[in-house]
$ cat protein-v1.cif   # mmCIF, C-alpha atoms
data_run
loop_
_atom_site.label_atom_id
_atom_site.label_comp_id
_atom_site.auth_asym_id
_atom_site.auth_seq_id
_atom_site.Cartn_x
_atom_site.Cartn_y
_atom_site.Cartn_z
CA MET A 25 -62.62 -46.75 27.91
CA TYR A 26 -66.15 -48.12 28.01
CA LYS A 27 -66.51 -51.69 26.73
CA PHE A 28 -69.35 -51.75 24.21
CA LYS A 29 -72.05 -54.41 24.38
CA SER A 30 -72.97 -54.16 20.68
CA VAL A 31 -70.50 -54.54 17.82
CA GLY A 32 -72.79 -52.16 15.90
CA THR A 33 -72.34 -49.40 18.46
CA GLU A 34 -68.64 -50.14 18.73
CA THR A 35 -68.08 -49.83 14.98
CA ASN A 36 -70.22 -46.69 14.74
CA ILE A 37 -67.92 -45.10 17.29
CA LEU A 38 -64.96 -46.35 15.28
CA MET A 39 -66.14 -44.23 12.35
CA ASP A 40 -66.71 -41.29 14.70
CA SER A 41 -63.15 -41.65 16.01
CA PHE A 42 -61.82 -40.73 12.55
CA LEU A 43 -63.91 -37.56 12.26
CA ALA A 44 -65.33 -36.36 15.56
CA ASN A 45 -64.36 -35.25 19.03
CA ILE A 46 -65.37 -37.95 21.52
CA VAL A 47 -65.64 -37.35 25.27
CA GLU A 48 -66.61 -40.14 27.65
CA LYS A 49 -68.63 -39.31 30.76
CA ASP A 50 -69.85 -41.59 33.54
CA LYS A 51 -73.16 -42.62 31.95
CA TYR A 52 -72.82 -41.44 28.37
CA ILE A 53 -70.45 -40.47 25.55
CA VAL A 54 -70.52 -37.13 23.72
CA ILE A 55 -69.79 -37.13 19.98
CA GLN A 56 -69.26 -33.81 18.18
CA THR A 57 -68.04 -33.07 14.64
CA PRO A 58 -66.81 -29.47 14.46
CA GLU A 59 -66.92 -29.35 10.66
CA ARG A 60 -70.53 -30.56 10.41
CA LEU A 61 -72.36 -28.99 13.33
CA ASN A 62 -75.82 -29.50 11.79
CA TYR A 63 -75.34 -33.20 11.00
CA PHE A 64 -77.19 -34.93 13.80
CA TRP A 65 -75.41 -38.30 13.65
CA GLY A 66 -72.16 -36.36 13.85
CA ASN A 67 -73.31 -34.50 16.95
CA TYR A 68 -75.18 -36.74 19.34
CA ILE A 69 -75.27 -38.46 22.72
CA LEU A 70 -74.57 -42.17 23.13
CA MET A 71 -76.06 -43.52 26.35
CA LYS A 72 -74.31 -46.54 27.87
CA GLU A 73 -77.57 -48.12 29.02
CA PRO A 74 -80.92 -48.43 27.21
CA PRO A 75 -83.79 -46.14 28.22
CA SER A 76 -86.36 -46.98 30.88
CA LYS A 77 -89.59 -45.21 31.78
CA GLY A 78 -88.69 -41.90 33.39
CA ASP A 79 -85.42 -41.32 31.49
CA PHE A 80 -86.79 -38.91 28.91
CA LYS A 81 -86.25 -35.60 30.73
CA ASN A 82 -82.76 -36.48 31.90
CA TRP A 83 -81.65 -37.71 28.48
CA VAL A 84 -82.80 -34.63 26.56
CA ASN A 85 -81.30 -32.39 29.25
CA VAL A 86 -77.97 -34.13 28.67
CA PHE A 87 -78.25 -33.34 24.97
CA ASP A 88 -79.12 -29.70 25.69
CA SER A 89 -76.13 -29.25 28.01
CA GLU A 90 -73.54 -31.17 25.95
CA ILE A 91 -74.50 -30.58 22.30
CA GLY A 92 -76.72 -27.50 22.40
CA LYS A 93 -80.32 -26.61 23.14
CA ARG A 94 -82.81 -28.45 20.97
CA SER A 95 -84.71 -25.24 20.24
CA GLU A 96 -81.56 -23.71 18.75
CA LYS A 97 -80.07 -26.81 17.09
CA GLY A 98 -83.36 -27.83 15.50
CA TYR A 99 -82.93 -31.47 16.48
CA CYS A 100 -82.06 -33.81 19.33
CA ALA A 101 -80.15 -37.02 18.50
CA ILE A 102 -79.61 -39.72 21.11
CA THR A 103 -78.70 -43.38 20.73
CA PHE A 104 -77.87 -46.13 23.19
CA ASP A 105 -75.80 -49.27 23.52
CA LEU A 106 -77.85 -52.46 23.74
CA GLY A 107 -76.75 -55.91 24.83
CA VAL A 108 -78.23 -59.27 23.92
CA ASN A 109 -81.70 -59.80 25.47
CA GLU A 110 -81.72 -56.29 27.02
CA THR A 111 -85.06 -54.48 26.88
CA PHE A 112 -85.75 -50.79 26.41
CA ASP A 113 -88.68 -48.38 26.67
CA VAL A 114 -88.87 -45.45 24.22
CA SER A 115 -92.55 -44.68 24.78
CA GLU A 116 -91.87 -41.28 26.40
CA PHE A 117 -89.74 -40.24 23.43
CA LEU A 118 -92.50 -41.18 21.01
CA GLU A 119 -95.01 -39.23 23.10
CA HIS A 120 -92.79 -36.15 22.74
CA GLY A 121 -92.53 -36.37 18.95
CA PHE A 122 -89.28 -38.29 18.60
CA ARG A 123 -88.69 -40.62 15.69
CA VAL A 124 -87.19 -43.98 16.66
CA GLU A 125 -84.89 -45.83 14.27
CA VAL A 126 -84.11 -49.50 14.92
CA ASP A 127 -81.19 -51.05 13.06
CA LYS A 128 -80.21 -54.67 12.59
CA ILE A 129 -76.54 -55.56 13.05
CA LEU A 130 -75.25 -58.49 11.01
CA THR A 131 -71.85 -60.20 11.01
CA THR A 132 -70.08 -62.98 9.14
CA ASN A 133 -66.75 -64.75 8.67
CA LYS A 134 -67.91 -66.57 5.54
CA VAL A 135 -70.08 -65.65 2.55
CA VAL A 136 -72.01 -67.70 0.02
CA GLU A 137 -72.71 -66.85 -3.60
CA PRO A 138 -76.07 -65.10 -4.09
CA ILE A 139 -78.80 -66.79 -6.12
CA LYS A 140 -78.89 -63.80 -8.48
CA LEU A 141 -75.23 -63.17 -9.33
CA ASN A 142 -74.87 -60.42 -11.93
CA SER A 143 -71.95 -61.56 -14.10
CA GLU A 144 -72.03 -58.31 -16.08
CA LEU A 145 -71.29 -56.13 -13.03
CA ILE A 146 -67.75 -54.71 -13.11
CA ILE A 147 -66.46 -54.05 -9.60
CA LYS A 148 -63.54 -51.86 -8.68
CA GLU A 149 -62.16 -49.70 -5.92
CA TYR A 150 -62.70 -46.09 -6.92
CA ASP A 151 -61.67 -42.53 -6.11
CA LEU A 152 -64.78 -41.05 -4.55
CA SER A 153 -63.48 -37.48 -4.73
CA ASN A 154 -63.52 -37.67 -8.55
CA ASP A 155 -67.05 -39.08 -8.82
CA ILE A 156 -69.13 -37.26 -6.23
CA ASP A 157 -72.01 -36.64 -8.67
CA SER A 158 -72.41 -40.40 -9.22
CA TYR A 159 -72.30 -40.98 -5.46
CA VAL A 160 -75.10 -38.45 -4.95
CA GLU A 161 -77.16 -40.01 -7.74
CA VAL A 162 -76.80 -43.54 -6.37
CA HIS A 163 -77.54 -42.57 -2.75
CA PHE A 164 -80.35 -40.06 -3.37
CA ASP A 165 -83.53 -41.18 -1.56
CA GLU A 166 -86.91 -39.81 -2.66
CA ASN A 167 -88.32 -40.68 0.77
CA TRP A 168 -85.64 -38.82 2.75
CA ALA A 169 -87.33 -37.31 5.80
CA TYR A 170 -84.83 -34.62 6.79
CA GLY A 171 -85.25 -31.75 4.37
CA SER A 172 -85.60 -30.65 0.75
CA GLU A 173 -84.10 -32.27 -2.35
CA ASP A 174 -81.37 -29.63 -2.44
CA GLU A 175 -80.60 -30.15 1.25
CA GLN A 176 -80.28 -33.90 0.70
CA LYS A 177 -77.93 -33.44 -2.25
CA GLN A 178 -75.78 -31.06 -0.22
CA PHE A 179 -75.73 -33.57 2.67
CA LEU A 180 -74.65 -36.37 0.32
CA LYS A 181 -71.88 -34.21 -1.17
CA GLU A 182 -70.57 -33.45 2.33
CA GLN A 183 -70.82 -37.14 3.21
CA ALA A 184 -68.84 -38.10 0.11
CA LEU A 185 -66.11 -35.55 0.78
CA GLU A 186 -65.91 -36.68 4.39
CA PHE A 187 -65.51 -40.34 3.44
CA SER A 188 -63.02 -39.42 0.72
CA SER A 189 -60.84 -37.82 3.40
CA LEU A 190 -60.77 -41.16 5.24
CA VAL A 191 -59.70 -42.94 2.04
CA ASP A 192 -56.86 -40.43 1.73
CA LYS A 193 -55.81 -41.30 5.31
CA ASN A 194 -55.82 -45.02 4.42
CA VAL A 195 -58.43 -45.92 7.05
CA ALA A 196 -61.25 -46.58 4.55
CA LYS A 197 -61.97 -47.71 0.99
CA ARG A 198 -64.84 -47.32 -1.45
CA PHE A 199 -66.00 -49.90 -4.02
CA SER A 200 -68.41 -49.49 -6.90
CA GLY A 201 -70.24 -51.66 -9.38
CA TYR A 202 -70.67 -50.63 -13.03
CA LEU A 203 -73.15 -51.73 -15.67
CA ASP A 204 -72.59 -50.51 -19.23
CA GLY A 205 -70.01 -48.06 -17.90
CA LYS A 206 -72.39 -46.46 -15.38
CA LEU A 207 -71.78 -46.50 -11.61
CA VAL A 208 -74.96 -48.17 -10.33
CA THR A 209 -74.10 -49.52 -6.86
CA ASP A 210 -71.60 -48.53 -4.20
CA LEU A 211 -70.30 -49.33 -0.70
CA GLY A 212 -67.59 -48.24 1.69
CA ILE A 213 -65.54 -50.05 4.32
CA TYR A 214 -63.44 -49.03 7.30
CA TRP A 215 -61.70 -51.23 9.85
CA ASN A 216 -59.66 -51.89 12.96
CA ASP A 217 -57.59 -54.91 14.02
CA ASN A 218 -60.65 -57.13 14.57
CA VAL A 219 -63.46 -56.07 12.26
CA ILE A 220 -64.24 -54.61 8.86
CA ARG A 221 -67.36 -52.46 8.92
CA PHE A 222 -69.43 -51.70 5.82
CA ASN A 223 -70.65 -48.15 5.21
CA SER A 224 -73.52 -46.63 3.22
CA ILE A 225 -74.45 -49.32 0.72
CA SER A 226 -76.81 -48.18 -2.01
CA THR A 227 -77.98 -48.98 -5.54
CA HIS A 228 -79.32 -46.55 -8.13
CA PRO A 229 -83.14 -46.85 -8.14
CA LEU A 230 -83.22 -47.62 -11.88
CA TYR A 231 -80.85 -50.56 -11.45
CA ARG A 232 -82.41 -52.40 -8.54
CA ARG A 233 -83.59 -56.04 -8.66
CA LEU A 234 -80.75 -56.89 -11.05
CA GLY A 235 -78.57 -58.53 -8.42
CA ALA A 236 -76.13 -55.62 -8.49
CA CYS A 237 -76.13 -54.97 -4.73
CA SER A 238 -75.86 -58.62 -3.68
CA THR A 239 -73.12 -59.21 -6.25
CA LEU A 240 -71.12 -56.20 -5.07
CA VAL A 241 -71.43 -57.12 -1.37
CA TYR A 242 -70.63 -60.78 -2.04
CA LYS A 243 -67.55 -60.22 -4.18
CA VAL A 244 -66.12 -57.45 -1.97
CA SER A 245 -66.81 -59.54 1.15
CA LYS A 246 -65.19 -62.63 -0.36
CA ASP A 247 -62.04 -60.70 -1.26
CA LEU A 248 -61.88 -59.03 2.15
CA LEU A 249 -62.15 -62.35 3.99
CA ASN A 250 -59.54 -63.96 1.74
CA GLN A 251 -57.17 -61.09 2.54
CA ASN A 252 -58.15 -60.81 6.23
CA PRO A 253 -59.22 -64.31 7.41
CA SER A 254 -59.08 -63.38 11.10
CA LYS A 255 -61.43 -60.40 10.80
CA THR A 256 -65.21 -60.30 11.12
CA LEU A 257 -67.35 -58.40 8.65
CA VAL A 258 -69.97 -56.13 10.23
CA MET A 259 -73.05 -54.71 8.52
CA GLN A 260 -75.81 -52.38 9.75
CA ALA A 261 -79.23 -52.27 8.08
CA ASP A 262 -82.61 -50.75 8.80
CA GLU A 263 -84.63 -53.50 10.45
CA ASP A 264 -87.65 -52.86 8.21
CA TYR A 265 -85.73 -52.43 4.95
CA HIS A 266 -85.31 -55.24 2.41
CA ALA A 267 -81.51 -54.80 2.27
CA ALA A 268 -81.05 -56.86 5.44
CA LEU A 269 -82.55 -59.86 3.61
CA ILE A 270 -80.02 -59.39 0.80
CA TYR A 271 -77.14 -59.46 3.27
CA GLU A 272 -78.53 -62.49 5.07
CA SER A 273 -78.90 -64.35 1.76
CA ILE A 274 -75.12 -64.24 1.26
CA GLY A 275 -74.20 -65.32 4.75
CA PHE A 276 -74.53 -62.37 7.13
CA VAL A 277 -76.23 -63.33 10.37
CA PRO A 278 -78.17 -60.99 12.74
CA LYS A 279 -76.01 -60.32 15.77
#

$ encode --input "protein-v1.cif" --output "structure tokens"
Amino acid sequence: MYKFKSVGTETNILMDSFLANIVEKDKYIVIQTPERLNYFWGNYILMKEPPSKGDFKNWVNVFDSEIGKRSEKGYCAITFDLGVNETFDVSEFLEHGFRVEVDKILTTNKVVEPIKLNSELIIKEYDLSNDIDSYVEVHFDENWAYGSEDEQKQFLKEQALEFSSLVDKNVAKRFSGYLDGKLVTDLGIYWNDNVIRFNSISTHPLYRRLGACSTLVYKVSKDLLNQNPSKTLVMQADEDYHAALIYESIGFVPK
């Protein structure tokens, strides 16, 4: 099996291993989720090396042959493993209308209390399958770029049911934070022998800037490290989104 250069890529594939069919080829890995054929990060190509000038045609041809033709699928999703100090060139993809997402991977073995600790937040592990409507409400994004409001809500419902199935298999857990009895912030975790990876952290838009997210992440992280002192916590965040600063403020370090 290919040895990943990035713990972010490695833990993304860990999640895929619970849900998808994974086939390794010489230069890339094919990930396909039979139950969610239109979900692009469930059906994508992972390249083992970052792109260079001239790779565009070959990469999209790989997608067409392994996942399905872009014209029929309606999308083309490709990612790549990236080591420390490696460079990459995505200019050809941008020229052909692709959208490039850059994520920051953060890790820690120790957390510190946030400056804004919300003492009123009640945190507990919860049964996601019984509170899907709250999950959708907390994770709904007005700036979602992939379809209509109804399509996003349907996507979030499918995502919740999918994660709930992992909880039932005892390979994942979900934690929530409540204020005045309302679920206002939420996160998931899944793990292997070495790491615990966070999943889909979000806070209801009406309850932001109250310290709810940082309090939830801090307290869950502290408990996880107390229970699993040999494991590393791994977090992924959009490089341009403020959430990464929240995670760094409690001890997560860019990897």

$ residues_near_point --input "protein-v1.cif" --point "(-63.0, -39.4, -1.1)" --cutoff "9 Å" --atoms "all atoms listed in the file" --output "number ranges by chain"
A: 150-156, 184-192, 197-198

$ write_last_selection --input "protein-v1.cif" --atoms "C-alpha atoms" --output "mmCIF file, keeping the file's coordinate frame"
data_model
loop_
_atom_site.group_PDB
_atom_site.id
_atom_site.type_symbol
_atom_site.label_atom_id
_atom_site.label_comp_id
_atom_site.auth_asym_id
_atom_site.auth_seq_id
_atom_site.Cartn_x
_atom_site.Cartn_y
_atom_site.Cartn_z
ATOM 1 C CA TYR A 150 -62.700 -46.090 -6.920
ATOM 2 C CA ASP A 151 -61.670 -42.530 -6.110
ATOM 3 C CA LEU A 152 -64.780 -41.050 -4.550
ATOM 4 C CA SER A 153 -63.480 -37.480 -4.730
ATOM 5 C CA ASN A 154 -63.520 -37.670 -8.550
ATOM 6 C CA ASP A 155 -67.050 -39.080 -8.820
ATOM 7 C CA ILE A 156 -69.130 -37.260 -6.230
ATOM 8 C CA ALA A 184 -68.840 -38.100 0.110
ATOM 9 C CA LEU A 185 -66.110 -35.550 0.780
ATOM 10 C CA GLU A 186 -65.910 -36.680 4.390
ATOM 11 C CA PHE A 187 -65.510 -40.340 3.440
ATOM 12 C CA SER A 188 -63.020 -39.420 0.720
ATOM 13 C CA SER A 189 -60.840 -37.820 3.400
ATOM 14 C CA LEU A 190 -60.770 -41.160 5.240
ATOM 15 C CA VAL A 191 -59.700 -42.940 2.040
ATOM 16 C CA ASP A 192 -56.860 -40.430 1.730
ATOM 17 C CA LYS A 197 -61.970 -47.710 0.990
ATOM 18 C CA ARG A 198 -64.840 -47.320 -1.450
#

$ atom_distance --input "protein-v1.cif" --atom1 "atom CA of Leu211 of chain A" --atom2 "atom CA of Leu249 of chain A"
16.1 Å

$ closest_residue --input "protein-v1.cif" --among "A:Phe28, A:Tyr202, A:Phe80, A:Tyr68" --to "Glu144 of chain A" --atoms "all atoms listed in the file"
A:Tyr202

$ closest_residue --input "protein-v1.cif" --among "A:His266, A:Ala44, A:Pro253, A:Tyr242" --to "Ile139 of chain A" --atoms "all atoms listed in the file"
A:Tyr242

$ atom_distance --input "protein-v1.cif" --atom1 "atom CA of Ile146 of chain A" --atom2 "atom CA of Arg233 of chain A"
16.5 Å

$ closest_residue --input "protein-v1.cif" --among "A:Cys100, A:Val135, A:Leu38, A:Ala169" --to "Val277 of chain A" --atoms "only C-alpha atoms"
A:Val135

$ resolve_selection --input "protein-v1.cif" --expression "the PyMOL selection byres ((chain A and resi 148) around 6)" --output "JSON, numbers by chain"
{"A": [147, 149, 199, 200]}

$ closest_residue --input "protein-v1.cif" --among "A:Val241, A:Met25, A:Val162, A:Ile37" --to "Lys49 of chain A" --atoms "all atoms listed in the file"
A:Met25
